[in-house]
$ cat run-v8.cif   # mmCIF, C-alpha atoms and all ligand atoms
data_run
#
loop_
_atom_site.label_atom_id
_atom_site.label_comp_id
_atom_site.auth_asym_id
_atom_site.auth_seq_id
_atom_site.Cartn_x
_atom_site.Cartn_y
_atom_site.Cartn_z
CA MET A 975 -42.72 26.75 -0.92
CA ASN A 976 -43.83 30.01 0.65
CA ILE A 977 -46.54 29.27 3.20
CA PHE A 978 -47.59 32.93 3.39
CA THR A 979 -49.29 34.89 0.61
CA GLN A 980 -47.61 37.93 -0.92
CA ASP A 981 -50.34 40.07 0.70
CA THR A 982 -49.30 38.77 4.13
CA ILE A 983 -45.62 39.48 3.46
CA ASN A 984 -46.43 42.95 2.08
CA SER A 985 -48.49 43.72 5.15
CA ARG A 986 -45.62 42.67 7.47
CA LYS A 987 -43.18 44.90 5.59
CA HIS A 988 -45.65 47.75 5.73
CA ARG A 989 -46.24 47.39 9.49
CA THR A 990 -42.51 47.07 10.19
CA ALA A 991 -41.75 50.16 8.11
CA ALA A 992 -44.37 52.08 10.10
CA GLY A 993 -42.83 50.82 13.36
CA LEU A 994 -39.23 51.62 12.42
CA THR A 995 -39.68 54.96 10.65
CA PRO A 996 -40.18 57.09 13.79
CA LEU A 997 -37.06 55.49 15.36
CA LEU A 998 -34.71 56.15 12.44
CA LYS A 999 -32.75 59.11 11.12
CA ASN A 1000 -32.89 59.88 7.39
CA ASP A 1001 -29.43 58.40 6.73
CA ASP A 1002 -29.90 55.21 8.82
CA LEU A 1003 -29.82 51.77 7.23
CA VAL A 1004 -31.48 48.67 8.71
CA MET A 1005 -30.37 45.28 7.37
CA VAL A 1006 -32.14 42.03 8.25
CA PHE A 1007 -30.02 38.94 7.53
CA ALA A 1008 -31.18 35.38 6.82
CA GLY A 1009 -27.88 33.93 8.05
CA GLU A 1010 -25.63 31.23 6.67
CA PRO A 1011 -25.42 27.47 7.13
CA ILE A 1012 -23.22 26.49 10.08
CA GLN A 1013 -20.56 23.88 9.49
CA LYS A 1014 -20.66 20.87 11.81
CA PRO A 1015 -17.54 20.73 13.99
CA GLY A 1016 -15.19 18.33 12.21
CA GLY A 1017 -17.88 17.80 9.59
CA HIS A 1018 -15.79 19.02 6.61
CA ASP A 1019 -18.43 19.43 3.88
CA GLN A 1020 -21.39 18.99 6.26
CA THR A 1021 -23.55 21.73 7.73
CA TYR A 1022 -26.45 21.71 10.17
CA ASN A 1023 -29.85 21.95 8.50
CA PHE A 1024 -30.21 25.61 7.65
CA LEU A 1025 -32.90 27.50 9.56
CA PRO A 1026 -33.38 31.09 8.45
CA HIS A 1027 -33.22 33.67 11.22
CA PRO A 1028 -36.84 34.14 12.37
CA ASP A 1029 -36.74 37.93 11.87
CA TYR A 1030 -35.78 37.42 8.22
CA PHE A 1031 -38.14 34.52 7.53
CA TRP A 1032 -41.06 36.37 9.12
CA LEU A 1033 -40.36 39.48 7.07
CA THR A 1034 -39.73 37.88 3.69
CA GLY A 1035 -41.22 34.36 3.74
CA SER A 1036 -37.89 33.16 2.30
CA ARG A 1037 -36.11 30.14 3.76
CA ARG A 1038 -32.94 30.52 1.71
CA PRO A 1039 -29.58 31.38 3.31
CA GLN A 1040 -27.66 34.61 2.77
CA GLY A 1041 -30.57 36.84 1.80
CA VAL A 1042 -30.64 40.38 3.16
CA SER A 1043 -33.66 42.65 3.40
CA VAL A 1044 -32.67 46.32 3.78
CA PHE A 1045 -34.74 49.28 4.90
CA THR A 1046 -34.22 53.02 4.56
CA LYS A 1047 -36.69 55.80 5.13
CA ALA A 1048 -36.25 56.97 1.54
CA ASP A 1049 -36.53 53.65 -0.30
CA GLY A 1050 -38.49 51.40 2.08
CA TRP A 1051 -37.65 47.68 1.88
CA ILE A 1052 -35.36 46.20 -0.79
CA ASP A 1053 -34.57 42.47 -0.94
CA PHE A 1054 -31.15 41.20 -1.97
CA VAL A 1055 -31.31 37.48 -2.72
CA ASN A 1056 -28.82 34.76 -3.52
CA PRO A 1057 -29.61 32.97 -6.80
CA ILE A 1058 -29.72 29.17 -6.61
CA SER A 1059 -26.28 27.73 -7.32
CA ARG A 1060 -25.54 24.71 -9.48
CA ASP A 1061 -24.24 22.90 -6.38
CA GLU A 1062 -27.59 23.45 -4.66
CA LEU A 1063 -29.41 22.06 -7.69
CA VAL A 1064 -27.12 19.03 -7.71
CA TRP A 1065 -27.16 18.26 -3.98
CA GLU A 1066 -30.52 19.56 -2.73
CA GLY A 1067 -32.59 19.88 -5.89
CA GLY A 1068 -33.09 23.65 -5.73
CA GLY A 1069 -35.39 25.82 -3.66
CA THR A 1070 -37.57 28.91 -4.02
CA VAL A 1071 -36.04 32.35 -4.50
CA ILE A 1072 -38.16 35.39 -3.66
CA PRO A 1073 -38.07 38.34 -6.09
CA GLY A 1074 -35.24 40.78 -5.42
CA ARG A 1075 -31.93 42.18 -6.56
CA PRO A 1076 -28.93 39.82 -6.75
CA LEU A 1077 -26.95 39.63 -3.51
CA SER A 1078 -23.82 40.50 -5.45
CA ASP A 1079 -25.26 44.05 -5.91
CA LEU A 1080 -25.51 44.70 -2.17
CA ASP A 1081 -21.99 46.01 -1.44
CA GLY A 1082 -22.09 48.33 -4.45
CA TRP A 1083 -25.52 49.60 -3.45
CA ILE A 1084 -24.27 50.41 0.08
CA ALA A 1085 -21.09 52.09 -1.28
CA GLN A 1086 -23.12 54.41 -3.54
CA GLN A 1087 -24.79 56.04 -0.54
CA SER A 1088 -23.49 57.66 2.60
CA PHE A 1089 -25.25 55.95 5.46
CA GLY A 1090 -24.87 57.15 9.03
CA ARG A 1091 -25.83 54.40 11.43
CA ILE A 1092 -26.19 50.82 10.17
CA PHE A 1093 -28.30 48.39 12.19
CA CYS A 1094 -27.80 44.69 11.47
CA LEU A 1095 -30.66 42.43 12.59
CA GLY A 1096 -31.09 38.68 12.17
CA GLN A 1097 -28.07 36.42 11.79
CA VAL A 1098 -25.43 38.63 10.24
CA GLY A 1099 -23.36 36.96 7.50
CA ALA A 1100 -19.58 36.99 7.88
CA ALA A 1101 -19.13 39.40 4.94
CA HIS A 1102 -21.27 42.11 6.57
CA ARG A 1103 -20.36 41.86 10.22
CA GLN A 1104 -20.22 45.45 11.37
CA THR A 1105 -20.75 46.73 14.85
CA PRO A 1106 -23.58 49.21 15.19
CA ALA A 1107 -22.62 52.56 16.63
CA ASN A 1108 -23.98 51.87 20.06
CA GLU A 1109 -25.53 48.84 21.82
CA ASP A 1110 -28.40 50.85 23.36
CA GLU A 1111 -29.29 52.32 19.97
CA PHE A 1112 -29.23 48.85 18.45
CA GLN A 1113 -31.50 47.47 21.17
CA HIS A 1114 -33.89 50.35 20.54
CA ILE A 1115 -34.20 49.42 16.85
CA GLN A 1116 -34.41 45.67 17.56
CA GLU A 1117 -37.14 46.33 20.09
CA GLY A 1118 -39.03 48.42 17.49
CA PHE A 1119 -38.88 45.45 15.14
CA ASN A 1120 -39.85 43.01 17.91
CA GLN A 1121 -42.88 45.07 18.86
CA VAL A 1122 -44.31 44.55 15.39
CA ARG A 1123 -43.39 40.88 15.20
CA ARG A 1124 -44.92 40.04 18.59
CA ILE A 1125 -48.38 40.77 17.19
CA LYS A 1126 -49.38 37.63 15.33
CA ASP A 1127 -51.27 38.12 12.05
CA ALA A 1128 -54.25 36.08 10.89
CA ALA A 1129 -52.09 33.76 8.77
CA GLU A 1130 -49.90 32.92 11.77
CA VAL A 1131 -52.86 32.26 14.05
CA LYS A 1132 -54.44 29.96 11.45
CA LEU A 1133 -51.17 28.06 11.10
CA ILE A 1134 -50.89 27.61 14.88
CA ARG A 1135 -54.44 26.24 14.98
CA ASP A 1136 -53.57 23.77 12.20
CA LEU A 1137 -50.44 22.73 14.10
CA ALA A 1138 -52.53 22.05 17.21
CA GLY A 1139 -54.63 19.68 15.10
CA MET A 1140 -51.45 17.84 14.03
CA ALA A 1141 -50.20 17.61 17.62
CA ASN A 1142 -53.59 16.23 18.62
CA HIS A 1143 -53.00 13.21 16.39
CA GLY A 1144 -49.92 12.51 18.50
CA TYR A 1145 -51.69 12.96 21.83
CA GLU A 1146 -54.64 10.79 20.75
CA ARG A 1147 -52.15 8.13 19.65
CA VAL A 1148 -50.18 8.08 22.91
CA LYS A 1149 -53.34 8.04 25.01
CA LYS A 1150 -54.13 4.67 23.45
CA PHE A 1151 -50.52 3.48 23.60
CA ILE A 1152 -49.51 4.32 27.19
CA ARG A 1153 -49.65 1.38 29.59
CA PRO A 1154 -47.30 -0.28 32.09
CA GLY A 1155 -44.51 -2.05 30.20
CA VAL A 1156 -43.85 0.47 27.41
CA THR A 1157 -40.78 2.72 27.52
CA GLU A 1158 -40.42 6.49 27.41
CA ARG A 1159 -38.63 6.11 24.08
CA GLN A 1160 -41.51 4.10 22.61
CA ILE A 1161 -43.99 6.75 23.73
CA GLN A 1162 -41.86 9.42 22.01
CA LEU A 1163 -41.77 7.38 18.80
CA GLU A 1164 -45.53 6.80 18.78
CA TYR A 1165 -46.13 10.50 19.31
CA GLU A 1166 -43.70 11.66 16.66
CA MET A 1167 -44.83 9.11 14.07
CA ALA A 1168 -48.45 10.25 14.43
CA VAL A 1169 -47.55 13.96 14.31
CA LEU A 1170 -45.21 13.64 11.35
CA SER A 1171 -47.82 11.55 9.52
CA ALA A 1172 -50.36 14.32 10.19
CA GLY A 1173 -48.23 16.94 8.38
CA SER A 1174 -45.64 18.20 10.86
CA GLU A 1175 -42.26 18.69 9.13
CA LYS A 1176 -40.16 18.11 12.22
CA MET A 1177 -40.36 18.40 15.98
CA PRO A 1178 -40.12 22.02 17.17
CA TYR A 1179 -37.96 21.00 20.15
CA ASP A 1180 -36.72 17.72 21.57
CA SER A 1181 -39.90 15.94 22.68
CA ILE A 1182 -40.06 15.57 26.46
CA VAL A 1183 -41.32 12.31 27.93
CA GLY A 1184 -40.86 11.84 31.67
CA THR A 1185 -42.41 8.92 33.54
CA GLY A 1186 -42.46 8.21 37.26
CA THR A 1187 -39.92 10.43 39.05
CA ASN A 1188 -38.60 11.51 35.62
CA SER A 1189 -41.79 13.57 35.23
CA ALA A 1190 -40.14 16.02 37.66
CA ILE A 1191 -37.26 16.63 35.23
CA LEU A 1192 -38.33 19.80 33.46
CA HIS A 1193 -36.80 18.88 30.09
CA ALA A 1194 -36.74 15.10 30.48
CA ILE A 1195 -35.02 13.29 27.63
CA PRO A 1196 -36.96 10.09 26.81
CA THR A 1197 -35.07 7.03 28.05
CA ALA A 1198 -35.42 3.24 28.00
CA ARG A 1199 -37.16 3.46 31.40
CA VAL A 1200 -40.11 1.07 31.49
CA VAL A 1201 -43.39 2.61 32.63
CA LYS A 1202 -44.67 1.07 35.87
CA ASP A 1203 -48.20 0.67 37.19
CA GLY A 1204 -49.01 3.82 39.18
CA ASP A 1205 -46.59 6.07 37.25
CA LEU A 1206 -47.38 9.49 35.91
CA VAL A 1207 -46.48 10.07 32.25
CA LEU A 1208 -45.65 13.67 31.30
CA ILE A 1209 -45.40 14.53 27.60
CA ASP A 1210 -44.31 17.98 26.41
CA ALA A 1211 -44.20 17.89 22.63
CA GLY A 1212 -45.43 19.88 19.66
CA ALA A 1213 -45.68 20.05 15.90
CA ASP A 1214 -43.80 22.25 13.44
CA VAL A 1215 -44.18 23.67 9.94
CA GLN A 1216 -41.41 25.96 8.72
CA ASP A 1217 -40.37 26.71 12.32
CA TYR A 1218 -43.88 27.70 13.38
CA CYS A 1219 -44.90 25.52 16.26
CA VAL A 1220 -47.17 24.60 19.09
CA ASP A 1221 -45.83 23.79 22.56
CA ILE A 1222 -48.19 21.53 24.52
CA THR A 1223 -47.89 19.50 27.73
CA ARG A 1224 -50.25 16.83 28.99
CA VAL A 1225 -49.97 14.30 31.82
CA PHE A 1226 -51.51 10.84 31.92
CA ALA A 1227 -51.74 8.00 34.43
CA ALA A 1228 -49.85 4.95 33.18
CA ASN A 1229 -52.69 2.64 34.19
CA GLY A 1230 -55.46 5.02 33.13
CA THR A 1231 -56.50 6.20 36.62
CA MET A 1232 -54.74 8.72 38.84
CA ASN A 1233 -54.43 7.91 42.54
CA THR A 1234 -55.59 10.43 45.17
CA GLN A 1235 -52.21 12.20 45.43
CA GLN A 1236 -51.92 12.47 41.65
CA LYS A 1237 -55.49 13.68 41.21
CA THR A 1238 -54.99 16.30 43.95
CA ILE A 1239 -51.93 17.79 42.26
CA TYR A 1240 -53.42 17.46 38.76
CA ASP A 1241 -56.51 19.44 39.86
CA LEU A 1242 -54.31 22.06 41.50
CA VAL A 1243 -52.23 22.52 38.32
CA LEU A 1244 -55.41 22.66 36.23
CA LYS A 1245 -56.83 25.34 38.55
CA ALA A 1246 -53.58 27.31 38.37
CA GLN A 1247 -53.61 27.08 34.58
CA GLN A 1248 -57.26 28.16 34.34
CA GLU A 1249 -56.65 31.18 36.61
CA SER A 1250 -53.55 32.23 34.69
CA ILE A 1251 -55.29 31.80 31.32
CA ALA A 1252 -58.23 33.90 32.54
CA LEU A 1253 -55.74 36.76 33.11
CA CYS A 1254 -54.42 36.60 29.53
CA ARG A 1255 -56.04 39.87 28.50
CA PRO A 1256 -54.69 43.06 26.97
CA GLY A 1257 -52.96 45.27 29.54
CA VAL A 1258 -52.27 42.54 32.13
CA GLU A 1259 -48.60 42.25 33.12
CA TRP A 1260 -47.12 38.81 32.40
CA HIS A 1261 -45.69 38.81 35.94
CA ASP A 1262 -49.26 38.84 37.25
CA VAL A 1263 -50.13 35.85 35.06
CA HIS A 1264 -47.23 34.00 36.70
CA LYS A 1265 -48.21 35.14 40.17
CA ALA A 1266 -51.79 33.86 39.74
CA SER A 1267 -50.50 30.30 39.30
CA ALA A 1268 -48.01 30.66 42.15
CA ARG A 1269 -50.82 31.82 44.48
CA VAL A 1270 -52.98 28.80 43.62
CA PHE A 1271 -49.99 26.58 44.36
CA ALA A 1272 -49.27 28.36 47.65
CA GLU A 1273 -52.85 27.86 48.85
CA GLY A 1274 -52.95 24.26 47.63
CA LEU A 1275 -49.62 23.35 49.22
CA LYS A 1276 -50.74 25.00 52.44
CA GLY A 1277 -53.85 22.79 52.38
CA LEU A 1278 -51.55 19.78 52.01
CA ASN A 1279 -49.49 20.96 55.01
CA ILE A 1280 -46.41 21.33 52.78
CA ILE A 1281 -46.33 25.13 53.02
CA LYS A 1282 -46.70 26.51 56.53
CA GLY A 1283 -47.15 29.98 58.00
CA ASP A 1284 -48.57 32.94 56.12
CA THR A 1285 -48.99 32.03 52.42
CA GLN A 1286 -48.28 35.57 51.20
CA ALA A 1287 -45.06 35.64 53.25
CA ALA A 1288 -44.16 32.20 51.83
CA LEU A 1289 -44.74 33.50 48.30
CA ASP A 1290 -42.74 36.68 48.90
CA ALA A 1291 -39.86 34.64 50.30
CA GLY A 1292 -39.86 32.47 47.13
CA ALA A 1293 -40.78 29.22 48.92
CA VAL A 1294 -43.26 28.16 46.21
CA SER A 1295 -40.46 28.33 43.63
CA VAL A 1296 -39.06 25.13 45.19
CA PHE A 1297 -42.05 23.31 43.67
CA PHE A 1298 -42.72 25.67 40.70
CA PRO A 1299 -39.20 26.68 39.65
CA HIS A 1300 -39.91 28.06 36.17
CA GLY A 1301 -41.82 30.98 34.71
CA VAL A 1302 -45.47 30.34 33.87
CA GLY A 1303 -44.80 30.60 30.13
CA HIS A 1304 -43.15 32.33 27.21
CA MET A 1305 -43.91 33.68 23.78
CA VAL A 1306 -44.41 31.00 21.18
CA GLY A 1307 -45.24 30.83 17.48
CA LEU A 1308 -42.25 31.25 15.21
CA ARG A 1309 -39.98 28.88 17.16
CA VAL A 1310 -40.67 27.63 20.64
CA ARG A 1311 -39.19 30.79 22.16
CA ASP A 1312 -40.62 33.60 20.08
CA VAL A 1313 -39.69 37.28 20.48
CA GLY A 1314 -39.84 37.60 24.22
CA GLY A 1315 -39.50 40.29 26.81
CA LYS A 1316 -37.49 43.42 26.29
CA PHE A 1317 -33.75 42.93 26.55
CA THR A 1318 -32.70 43.75 30.09
CA LYS A 1319 -29.47 43.09 31.88
CA ASP A 1320 -31.21 42.57 35.20
CA PRO A 1321 -34.55 40.75 34.71
CA ARG A 1322 -37.15 41.11 37.46
CA LYS A 1323 -38.19 38.06 39.45
CA ALA A 1324 -41.71 37.11 40.52
CA PHE A 1325 -42.01 35.17 43.81
CA GLY A 1326 -38.41 34.00 43.41
CA VAL A 1327 -38.61 33.00 39.73
CA ARG A 1328 -37.04 34.68 36.71
CA VAL A 1329 -40.10 35.20 34.52
CA ARG A 1330 -39.16 34.95 30.85
CA VAL A 1331 -41.38 37.73 29.56
CA ASP A 1332 -41.67 41.11 31.26
CA LEU A 1333 -44.36 42.91 29.28
CA PRO A 1334 -48.02 43.86 29.51
CA MET A 1335 -50.12 41.68 27.21
CA GLN A 1336 -51.31 43.07 23.89
CA PRO A 1337 -53.89 41.78 21.40
CA GLY A 1338 -52.07 39.42 19.04
CA PHE A 1339 -49.53 38.07 21.53
CA LEU A 1340 -49.25 34.28 21.65
CA MET A 1341 -48.16 32.90 25.01
CA THR A 1342 -47.71 29.45 26.50
CA VAL A 1343 -49.37 29.05 29.88
CA GLU A 1344 -47.65 26.11 31.56
CA PRO A 1345 -47.75 26.01 35.34
CA GLY A 1346 -46.26 22.91 36.92
CA LEU A 1347 -45.83 21.44 40.39
CA TYR A 1348 -42.87 19.14 40.90
CA PHE A 1349 -41.06 17.33 43.68
CA ILE A 1350 -37.53 17.62 42.37
CA LYS A 1351 -34.84 15.75 44.30
CA ALA A 1352 -32.18 18.36 43.50
CA MET A 1353 -34.38 21.01 45.11
CA ILE A 1354 -35.73 19.15 48.12
CA GLU A 1355 -32.41 17.61 49.09
CA ASP A 1356 -30.47 20.87 48.79
CA THR A 1357 -29.21 21.88 52.23
CA ASP A 1358 -29.23 25.62 51.53
CA THR A 1359 -32.81 25.44 50.23
CA ARG A 1360 -33.94 23.50 53.29
CA THR A 1361 -32.38 26.09 55.60
CA LYS A 1362 -33.58 29.08 53.59
CA PHE A 1363 -37.23 27.97 53.65
CA ALA A 1364 -37.31 26.29 57.08
CA ASP A 1365 -40.00 28.76 58.22
CA PHE A 1366 -42.26 28.13 55.24
CA ILE A 1367 -41.85 24.49 54.18
CA ASN A 1368 -42.67 21.41 56.28
CA TRP A 1369 -39.77 19.33 55.09
CA SER A 1370 -40.98 16.23 56.97
CA GLU A 1371 -44.25 16.43 55.02
CA VAL A 1372 -42.37 16.79 51.73
CA GLU A 1373 -40.84 13.33 52.42
CA LYS A 1374 -44.24 11.78 51.66
CA TRP A 1375 -44.07 13.21 48.11
CA ARG A 1376 -40.49 12.26 47.30
CA GLU A 1377 -41.43 9.70 44.61
CA PHE A 1378 -44.33 11.70 43.19
CA GLY A 1379 -42.65 13.24 40.12
CA GLY A 1380 -44.32 16.31 38.64
CA ILE A 1381 -47.31 17.59 36.71
CA ARG A 1382 -47.36 20.42 34.15
CA LEU A 1383 -50.16 21.45 31.83
CA GLU A 1384 -49.42 23.68 28.87
CA ASP A 1385 -51.50 25.42 26.21
CA ASP A 1386 -50.84 28.20 23.72
CA ILE A 1387 -53.01 31.25 24.33
CA HIS A 1388 -53.81 33.99 21.83
CA ILE A 1389 -54.45 37.34 23.51
CA THR A 1390 -57.46 39.06 21.90
CA PRO A 1391 -59.50 42.16 22.78
CA GLN A 1392 -62.31 39.76 23.74
CA GLY A 1393 -60.02 37.79 26.09
CA PRO A 1394 -57.92 34.64 25.97
CA GLU A 1395 -58.29 32.25 23.02
CA ASN A 1396 -56.82 28.81 23.65
CA LEU A 1397 -55.40 27.69 20.29
CA THR A 1398 -54.43 24.24 21.57
CA SER A 1399 -57.63 23.30 23.39
CA VAL A 1400 -58.28 20.60 20.76
CA VAL A 1401 -55.83 18.45 22.76
CA SER A 1402 -58.03 17.21 25.59
CA LYS A 1403 -57.08 17.31 29.27
N1 LIG A 1501 -41.60 22.83 25.71
C1 LIG A 1501 -40.33 23.08 26.23
C2 LIG A 1501 -40.21 24.43 26.81
O1 LIG A 1501 -41.08 25.25 26.70
O2 LIG A 1501 -39.18 24.72 27.38
MN MN A 1502 -43.15 25.74 26.83
#

$ encode --input "run-v8.cif" --output "structure tokens"
Amino acid sequence: MNIFTQDTINSRKHRTAAGLTPLLKNDDLVMVFAGEPIQKPGGHDQTYNFLPHPDYFWLTGSRRPQGVSVFTKADGWIDFVNPISRDELVWEGGGTVIPGRPLSDLDGWIAQQSFGRIFCLGQVGAAHRQTPANEDEFQHIQEGFNQVRRIKDAAEVKLIRDLAGMANHGYERVKKFIRPGVTERQIQLEYEMAVLSAGSEKMPYDSIVGTGTNSAILHAIPTARVVKDGDLVLIDAGADVQDYCVDITRVFAANGTMNTQQKTIYDLVLKAQQESIALCRPGVEWHDVHKASARVFAEGLKGLNIIKGDTQAALDAGAVSVFFPHGVGHMVGLRVRDVGGKFTKDPRKAFGVRVRVDLPMQPGFLMTVEPGLYFIKAMIEDTDTRTKFADFINWSEVEKWREFGGIRLEDDIHITPQGPENLTSVVSK
């Protein structure tokens, strides 16, 4: 089933054509590939569930493998599609094929013309693997495509809002379920059952549930650990329809009430998130959105006597990255990492952290904002880290926080000309 109307697909093709045309020569060909199922290692006749390459799915609305959408300045977009095979009917019951020419025509169609440069986007099928003339030229065309795809259309924004509603079923469910005695795995199951019952097709990424000190593991895999009285419970989980997703993190007290330490850090992370979200406006550099959270953390940790000396110097040295070791967020929407920053061989860092997106915000961007403060054993026990930041971190004070774990809060923010729109605010904090 195509979740987008033909008008939406036509509009995407139209906008992409307008974006690519100035970048292309008259005899250039752009091909966007759906990709092919990948065989499981040792799996003989088994493949992983097929996920169409997001560039192709976004452009065509088709979820079938092997399709190719081609673009030339003279002819615009032409779809080549693979008809449903008898095997597919027998084993999977069919599928939906978008209108287009049969895939078997593609090679003949290419041979009839004399193309100069050929740019292959998406997941290139084995039969058409050809190296573009030049990597820089390829990146230029891919970036032209990305620029269009980064701007979410109304249908995408509506879908994200619907997905937030589905995820909220999960968060409401776990709020009632969490108590000392349950396991991380049980919390995951309660969440996923509620979200799948509410309409999510699958989980967009492995659900993260970290309790106690496990809450400081950034991508904690739910375990059989039993939640104890006084624990923090961090859940980072979403909802997904046709690879569109929300990415949300909330933190709860196992016994329903945070102690003073927990409340102090929770309020600091909330303040950091609010300040970063307030900056999510057209024209603002994503690095500055990250830096806003890092500054709140620097001041807060200074107040707790964990950071010492001049806070700006501590930030510049990267000391806050010991407690906030990841970028403040990333693009989200079609998959949990949507078209991100421009390809660069040497990404810039902000206050010691490799920030995942290096772009000024534009209306239509959809970004996670997910600051977190953690006391991670691997960081605070590392001898080099302790030496490097001896002037800025009171390591004896950090000892008092060893068993704390971590707190992260995450929402998905739509950048609009009027300012930030929080599409996941339905999930209460
Ligand atoms: N929610 C997982 C991540 O953003 O990495
Ligand atoms: Mn995230």

$ residues_near_ligand --input "run-v8.cif" --ligand "ligand LIG 1501 (chain A)" --cutoff "7 Å" --atoms "all atoms listed in the file" --output "list in words"
Tyr1179, His1193, Asp1210, Ala1211, Asp1221, Ile1222 and Val1310 of chain A

$ residues_near_ligand --input "run-v8.cif" --ligand "ligand MN 1502 (chain A)" --cutoff "9 Å" --atoms "all atoms listed in the file" --output "compact mmCIF listing (two decimals) with C-alpha atoms, in the coordinates of the input"
# COMPACT_ATOMS: atom_id res chain seq x y z
CA ASP A 1210 -44.31 17.98 26.41
CA ALA A 1211 -44.20 17.89 22.63
CA VAL A 1220 -47.17 24.60 19.09
CA ASP A 1221 -45.83 23.79 22.56
CA ILE A 1222 -48.19 21.53 24.52
CA THR A 1223 -47.89 19.50 27.73
CA VAL A 1302 -45.47 30.34 33.87
CA GLY A 1303 -44.80 30.60 30.13
CA HIS A 1304 -43.15 32.33 27.21
CA MET A 1305 -43.91 33.68 23.78
CA VAL A 1306 -44.41 31.00 21.18
CA VAL A 1310 -40.67 27.63 20.64
CA ARG A 1311 -39.19 30.79 22.16
CA MET A 1341 -48.16 32.90 25.01
CA THR A 1342 -47.71 29.45 26.50
CA VAL A 1343 -49.37 29.05 29.88
CA GLU A 1344 -47.65 26.11 31.56
CA GLU A 1384 -49.42 23.68 28.87
CA ASP A 1385 -51.50 25.42 26.21
CA ASP A 1386 -50.84 28.20 23.72

$ atom_distance --input "run-v8.cif" --atom1 "CA of Asn1023 (chain A)" --atom2 "CA of Val1331 (chain A)"
28.7 Å

$ residues_around --input "run-v8.cif" --residues "Ala1288 (chain A)" --least-positions-apart "6" --cutoff "10 Å" --atoms "all atoms listed in the file" --output "PyMOL selection string"
chain A and resi 1269+1272+1276+1281-1282+1294-1295+1325+1363+1365-1367

$ write_last_selection --input "run-v8.cif" --atoms "C-alpha atoms" --output "PDB file, in the coordinates of the input"
ATOM      1  CA  ARG A1269     -50.820  31.820  44.480  1.00  0.00           C
ATOM      2  CA  ALA A1272     -49.270  28.360  47.650  1.00  0.00           C
ATOM      3  CA  LYS A1276     -50.740  25.000  52.440  1.00  0.00           C
ATOM      4  CA  ILE A1281     -46.330  25.130  53.020  1.00  0.00           C
ATOM      5  CA  LYS A1282     -46.700  26.510  56.530  1.00  0.00           C
ATOM      6  CA  VAL A1294     -43.260  28.160  46.210  1.00  0.00           C
ATOM      7  CA  SER A1295     -40.460  28.330  43.630  1.00  0.00           C
ATOM      8  CA  PHE A1325     -42.010  35.170  43.810  1.00  0.00           C
ATOM      9  CA  PHE A1363     -37.230  27.970  53.650  1.00  0.00           C
ATOM     10  CA  ASP A1365     -40.000  28.760  58.220  1.00  0.00           C
ATOM     11  CA  PHE A1366     -42.260  28.130  55.240  1.00  0.00           C
ATOM     12  CA  ILE A1367     -41.850  24.490  54.180  1.00  0.00           C
TER      13      ILE A1367
END

$ closest_residue --input "run-v8.cif" --among "A:Gly1186, A:Gln1040, A:Gln1020, A:Met1177" --to "Trp1065 (chain A)" --atoms "only C-alpha atoms"
A:Gln1020

$ closest_residue --input "run-v8.cif" --among "A:Lys1150, A:Arg1075, A:His1114, A:Arg1037" --to "Leu997 (chain A)" --atoms "all atoms listed in the file"
A:His1114

$ atom_distance --input "run-v8.cif" --atom1 "CA of Gln1235 (chain A)" --atom2 "CA of Phe1151 (chain A)"
23.6 Å

$ residues_around --input "run-v8.cif" --residues "Arg1147 (chain A)" --least-positions-apart "2" --cutoff "7 Å" --atoms "all atoms listed in the file" --output "JSON, numbers by chain"
{"A": [1143, 1144, 1145, 1149, 1150, 1151, 1164, 1165, 1168]}

$ atom_distance --input "run-v8.cif" --atom1 "CA of Ala1190 (chain A)" --atom2 "CA of Thr1234 (chain A)"
18.1 Å

$ residues_around --input "run-v8.cif" --residues "region 1236-1249 of chain A" --least-positions-apart "4" --cutoff "7 Å" --atoms "all atoms listed in the file" --output "mmCIF file with C-alpha atoms, in the coordinates of the input"
data_model
loop_
_atom_site.group_PDB
_atom_site.id
_atom_site.type_symbol
_atom_site.label_atom_id
_atom_site.label_comp_id
_atom_site.auth_asym_id
_atom_site.auth_seq_id
_atom_site.Cartn_x
_atom_site.Cartn_y
_atom_site.Cartn_z
ATOM 1 C CA MET A 1232 -54.740 8.720 38.840
ATOM 2 C CA LEU A 1253 -55.740 36.760 33.110
ATOM 3 C CA ALA A 1266 -51.790 33.860 39.740
ATOM 4 C CA SER A 1267 -50.500 30.300 39.300
ATOM 5 C CA VAL A 1270 -52.980 28.800 43.620
ATOM 6 C CA PHE A 1271 -49.990 26.580 44.360
ATOM 7 C CA GLY A 1274 -52.950 24.260 47.630
ATOM 8 C CA VAL A 1343 -49.370 29.050 29.880
ATOM 9 C CA GLU A 1344 -47.650 26.110 31.560
ATOM 10 C CA PRO A 1345 -47.750 26.010 35.340
ATOM 11 C CA GLY A 1346 -46.260 22.910 36.920
ATOM 12 C CA LEU A 1347 -45.830 21.440 40.390
ATOM 13 C CA ILE A 1381 -47.310 17.590 36.710
ATOM 14 C CA ARG A 1382 -47.360 20.420 34.150
ATOM 15 C CA LEU A 1383 -50.160 21.450 31.830
#

$ residues_around --input "run-v8.cif" --residues "Ala1198 (chain A)" --least-positions-apart "6" --cutoff "8 Å" --atoms "all atoms listed in the file" --output "list of chain:residue names"
A:Thr1157, A:Glu1158, A:Arg1159

$ closest_residue --input "run-v8.cif" --among "A:Thr1034, A:Asn1279, A:Gln1113, A:Ser1402" --to "Glu1371 (chain A)" --atoms "all atoms listed in the file"
A:Asn1279
